[in-house]
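Data block for model.cif (mmCIF, C-alpha atoms):
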data_input
loop_
_atom_site.label_atom_id
_atom_site.label_comp_id
_atom_site.auth_asym_id
_atom_site.auth_seq_id
_atom_site.Cartn_x
_atom_site.Cartn_y
_atom_site.Cartn_z
CA MET A 2 -70.37 10.68 46.61
CA LYS A 3 -70.54 10.61 50.41
CA SER A 4 -72.26 13.24 52.50
CA GLY A 5 -69.84 15.88 53.72
CA ASN A 6 -67.18 15.22 51.09
CA THR A 7 -65.93 17.78 48.58
CA ASN A 8 -66.59 16.65 44.98
CA ILE A 9 -65.07 18.62 42.10
CA GLN A 10 -65.27 17.45 38.50
CA ILE A 11 -62.14 18.20 36.44
CA ASP A 12 -59.90 16.63 33.82
CA ILE A 13 -57.25 14.42 35.43
CA THR A 14 -53.82 13.40 34.15
CA PRO A 15 -51.27 11.16 35.93
CA GLU A 16 -49.25 14.24 36.90
CA VAL A 17 -52.33 16.03 38.24
CA LEU A 18 -53.25 12.86 40.10
CA LEU A 19 -49.92 12.80 41.96
CA LYS A 20 -50.32 16.46 42.84
CA ALA A 21 -53.79 15.73 44.16
CA TYR A 22 -52.48 12.97 46.43
CA SER A 23 -49.86 15.34 47.78
CA CYS A 24 -52.75 17.66 48.76
CA GLY A 25 -54.84 14.90 50.33
CA ILE A 26 -57.49 14.38 47.64
CA PHE A 27 -58.19 11.46 45.33
CA PRO A 28 -60.50 10.64 42.40
CA MET A 29 -63.50 8.33 42.22
CA ALA A 30 -66.32 7.59 39.78
CA GLU A 31 -69.97 7.17 40.63
CA SER A 32 -69.86 3.70 39.09
CA ALA A 33 -67.83 1.53 36.73
CA ASP A 34 -70.14 2.62 33.90
CA ASP A 35 -69.78 6.35 34.56
CA ASP A 36 -67.13 8.09 32.44
CA GLU A 37 -66.74 11.05 34.80
CA LEU A 38 -64.32 11.32 37.73
CA PHE A 39 -64.61 13.50 40.81
CA TRP A 40 -62.13 14.68 43.42
CA ILE A 41 -62.92 13.45 46.91
CA GLU A 42 -61.66 15.10 50.11
CA PRO A 43 -63.37 13.40 53.06
CA LYS A 44 -64.11 15.38 56.20
CA HIS A 45 -63.00 12.28 58.09
CA ARG A 46 -60.18 10.10 56.76
CA GLY A 47 -59.26 6.49 57.44
CA ILE A 48 -55.66 5.63 58.29
CA ILE A 49 -53.82 2.70 59.86
CA PRO A 50 -51.18 3.93 62.32
CA PHE A 51 -48.39 1.36 62.23
CA GLU A 52 -48.16 1.32 66.02
CA LEU A 53 -51.82 0.24 66.20
CA PHE A 54 -51.66 -2.40 63.48
CA HIS A 55 -52.95 -5.73 64.75
CA VAL A 56 -52.94 -9.17 63.13
CA PRO A 57 -55.61 -11.61 64.41
CA LYS A 58 -54.24 -14.90 65.75
CA SER A 59 -56.07 -16.95 63.14
CA LEU A 60 -54.52 -14.88 60.36
CA LYS A 61 -51.06 -15.27 61.85
CA LYS A 62 -51.57 -19.02 61.69
CA THR A 63 -52.65 -18.77 58.04
CA ILE A 64 -49.57 -16.70 57.17
CA ARG A 65 -47.21 -19.06 58.99
CA SER A 66 -48.70 -22.03 57.13
CA GLY A 67 -47.15 -20.83 53.88
CA LYS A 68 -50.30 -21.67 51.92
CA PHE A 69 -50.02 -18.35 50.04
CA ASP A 70 -47.26 -16.98 47.84
CA VAL A 71 -47.02 -13.19 47.93
CA ARG A 72 -45.52 -11.17 45.09
CA ILE A 73 -45.05 -7.47 44.38
CA ASP A 74 -45.81 -5.53 41.17
CA GLN A 75 -46.10 -8.61 38.94
CA ASP A 76 -49.70 -8.41 37.69
CA PHE A 77 -51.19 -4.92 37.98
CA GLU A 78 -53.87 -5.71 35.41
CA GLY A 79 -54.96 -8.80 37.33
CA VAL A 80 -55.15 -6.89 40.61
CA ILE A 81 -57.17 -3.96 39.32
CA GLU A 82 -59.45 -6.42 37.52
CA GLY A 83 -60.01 -8.23 40.79
CA CYS A 84 -60.71 -4.97 42.61
CA ALA A 85 -63.21 -3.92 39.93
CA ALA A 86 -65.01 -7.27 39.70
CA GLU A 87 -68.66 -7.45 40.73
CA ARG A 88 -69.49 -9.67 43.69
CA PRO A 89 -72.74 -10.67 45.44
CA ASP A 90 -72.07 -8.17 48.24
CA ARG A 91 -70.87 -5.49 45.82
CA PRO A 92 -72.81 -5.41 42.52
CA SER A 93 -70.81 -2.45 41.17
CA THR A 94 -67.60 -0.53 41.90
CA TRP A 95 -66.16 2.93 41.26
CA ILE A 96 -63.30 1.59 39.09
CA ASN A 97 -64.16 2.76 35.58
CA PRO A 98 -61.98 2.67 32.41
CA ARG A 99 -60.47 6.09 33.17
CA ILE A 100 -59.41 4.96 36.66
CA ARG A 101 -57.76 1.90 35.11
CA GLU A 102 -55.95 4.07 32.58
CA LEU A 103 -54.69 6.58 35.16
CA TYR A 104 -53.43 4.04 37.67
CA THR A 105 -51.85 1.93 34.95
CA ALA A 106 -49.88 5.06 34.00
CA LEU A 107 -48.87 5.59 37.64
CA PHE A 108 -47.80 1.94 37.83
CA GLU A 109 -45.59 2.42 34.78
CA MET A 110 -44.15 5.56 36.41
CA GLY A 111 -43.30 3.61 39.57
CA HIS A 112 -45.80 5.41 41.80
CA CYS A 113 -48.48 2.72 41.94
CA HIS A 114 -47.82 -0.71 43.45
CA THR A 115 -49.55 -4.03 43.93
CA VAL A 116 -49.34 -6.70 46.59
CA GLU A 117 -50.49 -9.97 45.03
CA VAL A 118 -51.49 -13.19 46.79
CA TYR A 119 -51.26 -16.49 44.93
CA GLN A 120 -52.31 -20.04 45.69
CA ASP A 121 -51.12 -22.83 43.42
CA ASN A 122 -49.72 -20.11 41.14
CA LYS A 123 -53.17 -18.54 40.71
CA LEU A 124 -53.93 -14.94 41.74
CA VAL A 125 -56.48 -15.17 44.56
CA GLY A 126 -56.30 -11.74 46.17
CA GLY A 127 -54.39 -8.52 46.50
CA LEU A 128 -54.42 -4.76 46.69
CA TYR A 129 -53.04 -1.69 44.98
CA GLY A 130 -52.18 1.84 46.02
CA VAL A 131 -50.09 4.92 45.38
CA GLU A 132 -46.64 5.68 46.81
CA LEU A 133 -45.63 9.30 47.34
CA ASN A 134 -42.71 10.40 49.53
CA ALA A 135 -43.25 8.60 52.86
CA ALA A 136 -46.98 7.99 52.35
CA PHE A 137 -48.85 5.07 50.84
CA PHE A 138 -52.44 5.62 49.74
CA GLY A 139 -54.38 2.37 49.68
CA GLU A 140 -56.89 2.30 46.85
CA SER A 141 -58.66 -1.04 46.76
CA MET A 142 -58.29 -4.72 47.67
CA PHE A 143 -59.98 -7.96 46.68
CA SER A 144 -60.21 -11.64 47.57
CA TYR A 145 -61.32 -14.59 45.51
CA ILE A 146 -60.83 -16.86 48.53
CA SER A 147 -60.93 -16.35 52.29
CA ASP A 148 -58.11 -14.34 53.91
CA ALA A 149 -56.29 -13.47 50.67
CA SER A 150 -56.80 -9.69 50.91
CA LYS A 151 -56.02 -9.78 54.64
CA VAL A 152 -52.70 -11.46 53.90
CA ALA A 153 -51.98 -8.80 51.28
CA LEU A 154 -52.59 -6.07 53.88
CA VAL A 155 -50.21 -7.66 56.38
CA TYR A 156 -47.48 -7.96 53.75
CA LEU A 157 -48.10 -4.35 52.71
CA VAL A 158 -47.67 -3.06 56.25
CA ALA A 159 -44.46 -5.09 56.68
CA ARG A 160 -43.08 -3.59 53.47
CA LEU A 161 -44.04 -0.03 54.45
CA LYS A 162 -42.56 -0.33 57.94
CA HIS A 163 -39.33 -1.83 56.59
CA ALA A 164 -38.93 1.11 54.18
CA ASP A 165 -39.74 3.75 56.85
CA PHE A 166 -43.04 4.93 55.43
CA THR A 167 -44.90 7.01 58.01
CA LEU A 168 -48.48 7.15 56.69
CA LEU A 169 -50.88 4.49 55.43
CA ASP A 170 -54.08 6.06 54.12
CA THR A 171 -57.16 3.85 53.75
CA GLN A 172 -59.48 6.69 52.65
CA PHE A 173 -62.34 5.43 54.82
CA VAL A 174 -62.67 3.07 57.80
CA THR A 175 -64.56 -0.17 57.21
CA ASP A 176 -65.41 -2.92 59.69
CA HIS A 177 -62.81 -5.05 57.89
CA LEU A 178 -60.01 -2.49 58.32
CA GLU A 179 -61.01 -1.56 61.86
CA LYS A 180 -60.09 -5.07 62.98
CA PHE A 181 -56.52 -4.34 61.90
CA GLY A 182 -56.25 -1.04 63.76
CA ALA A 183 -57.69 1.48 61.29
CA ILE A 184 -58.89 4.72 62.86
CA GLU A 185 -60.65 7.83 61.65
CA VAL A 186 -59.02 11.26 61.79
CA THR A 187 -60.30 14.67 60.82
CA ARG A 188 -59.33 16.33 57.57
CA ASP A 189 -57.02 18.72 59.44
CA GLN A 190 -55.36 15.89 61.36
CA PHE A 191 -54.79 13.98 58.13
CA GLN A 192 -53.30 17.06 56.46
CA ARG A 193 -50.82 17.48 59.30
CA ARG A 194 -49.74 13.84 58.99
CA LEU A 195 -49.49 14.20 55.23
CA GLU A 196 -47.43 17.38 55.55
CA ARG A 197 -44.82 15.49 57.58
CA THR A 198 -44.41 12.94 54.79
CA ARG A 199 -43.57 15.68 52.25
CA VAL A 200 -40.35 16.64 54.00
CA ARG A 201 -39.10 13.06 53.96
CA ARG A 202 -37.10 11.56 51.15
CA ARG A 203 -39.04 9.23 48.90
CA CYS A 204 -39.20 5.79 50.51
CA ASN A 205 -38.32 2.68 48.52
CA PHE A 206 -41.37 0.42 48.31
CA SER A 207 -39.22 -2.34 46.78
CA ASP A 208 -36.65 -2.35 49.59
CA LEU A 209 -37.96 -5.45 51.37
CA ASP A 210 -36.73 -8.73 49.92
CA VAL A 211 -39.67 -10.57 48.33
CA ALA A 212 -38.22 -13.79 49.73
CA THR A 213 -38.75 -12.61 53.33
CA SER A 214 -40.24 -15.51 55.27
CA PRO A 215 -43.74 -15.44 56.77
CA ALA A 216 -42.13 -15.35 60.21
CA GLY A 217 -40.07 -12.35 59.11
CA ILE A 218 -43.18 -10.58 57.85
CA LEU A 219 -44.98 -11.09 61.15
CA GLN A 220 -41.95 -9.90 63.08
CA LEU A 221 -41.85 -6.69 61.03
CA VAL A 222 -45.53 -5.84 61.58
CA SER A 223 -45.40 -6.60 65.30
CA HIS A 224 -42.30 -4.47 65.95
CA LYS A 225 -43.17 -1.18 67.61
CA SER A 226 -41.16 1.70 66.16
#

Render the structure in this file as structure tokens.
Amino acid sequence: MKSGNTNIQIDITPEVLLKAYSCGIFPMAESADDDELFWIEPKHRGIIPFELFHVPKSLKKTIRSGKFDVRIDQDFEGVIEGCAAERPDRPSTWINPRIRELYTALFEMGHCHTVEVYQDNKLVGGLYGVELNAAFFGESMFSYISDASKVALVYLVARLKHADFTLLDTQFVTDHLEKFGAIEVTRDQFQRRLERTRVRRRCNFSDLDVATSPAGILQLVSHKS
């Protein structure tokens, strides 16, 4: 996939997938049309340390406006469809039918979650990822309209901080994520952070009240632990 990454082709089940996350590796496909999956273990890993998380002023204003309604775990199929959809700047994705099947199984097991952003009761953006112990592994996000995925990220961080998660993995660092405080760490540094999450009790992703106000969300993400 990417230069310097470890790619190993094997059969993957939901149980194997969770074990892989606990070891710091994750699956991808070459494209949505490719039936094969590969394990990826980047030499350099993207994370968002909660103490570095930053919300741009313009986005704070958008969140405070209440123009979006944010929900949790209500439409996994809609979110993964949005993440897999082709766009002008992204003609193809790595989300193939096997990825959909595996993460749907994790969702049904309670280990995969979605943050969904709605406008006028229509899904306009969101993200999904995997919960394991005190770590959350972000998989993919999408927007049909401006700022929707950014709002989903802010609400995700608020939820993770409220529930005492200690690690937010983004796999890689993009220009988009860097604006929010994402940094790159080495494989060894990531493994040490991941190891600390294994000794923690499993955090409750659903602990934060979905009715938390926009002001409450912004207060949570701005609080320094």

Explicit residues for the PyMOL selection byres ((chain A and resi 50) around 8) (as a PyMOL selection string): chain A and resi 48-49+51-54+168-169+182-184

For Lys62 (chain A), list every protein, DNA or RNA residue within 12 Å, evaluated using all atoms listed in the file, and leave out those in the same chain fewer than 3 positions away; present the list as a PyMOL selection string. chain A and resi 56-59+65-69+148+152+215-216+219

Enumerate, as an MDAnalysis selection string, the residues matched when the PyMOL selection byres ((chain A and resi 197-207) around 6) is run on the file above. chainID A and resid 134:135 164 194:196 208:209

Go through A:Val186, A:Ile100, A:Cys84, A:Ile26 one by one, measure the shortest atom-to-atom distance of each to Glu42 (chain A) using all atoms listed in the file, and give the residue with the smallest value. A:Ile26

Calculated over all atoms listed in the file, which of the candidates A:Cys113, A:Ile81, A:Leu128, A:Ala21 has the smallest distance to Phe39 (chain A)?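 Distance minimum relative to Phe39 (chain A) lands on A:Ala21.
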
Which residue of A:Asp210, A:Asp70, A:Glu185, A:Asp34 approaches Val125 (chain A) most closely, using all atoms listed in the file: A:Asp70

Evaluate the PyMOL selection byres ((chain A and resi 96) around 9) against this structure - the residues, as number ranges by chain, please. A: 29-34, 81, 84-85, 93-95, 97-101

For a quick check of understanding, using only C-alpha atoms, which of A:Gln172, A:Ser150, A:Thr213, A:Thr187 has the smallest distance to Gly47 (chain A)?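 Ranking A:Gln172, A:Ser150, A:Thr213, A:Thr187 by distance to Gly47 (chain A), first place goes to A:Gln172.
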
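Note that the spacing between CA of His114 (chain A) and CA of Glu132 (chain A) amounts to 7.3 Å.
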
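For the atom pair formed by CA of Met142 (chain A) and CA of Gln192 (chain A), the distance is 24.0 Å, given to one decimal.
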
Which residue is closest to Lys151 (chain A)? Choose from A:His55, A:Arg193, A:Arg46, A:His112 and count all atoms listed in the file.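 Of A:His55, A:Arg193, A:Arg46, A:His112, the one nearest Lys151 (chain A) is A:His55, counting all atoms listed in the file.
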
d(CA of Gly217 (chain A), CA of Val118 (chain A)) in Å: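 Computed distance, CA of Gly217 (chain A) to CA of Val118 (chain A), equals 16.8 Å.
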
Compare A:Gln220, A:Thr171, A:Ser144, A:Ser23 by their minimum atom-to-atom distance to Gly130 (chain A), counting only C-alpha atoms, and give me the closest one.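 Answer, going by the shortest atom-to-atom distance: A:Thr171.
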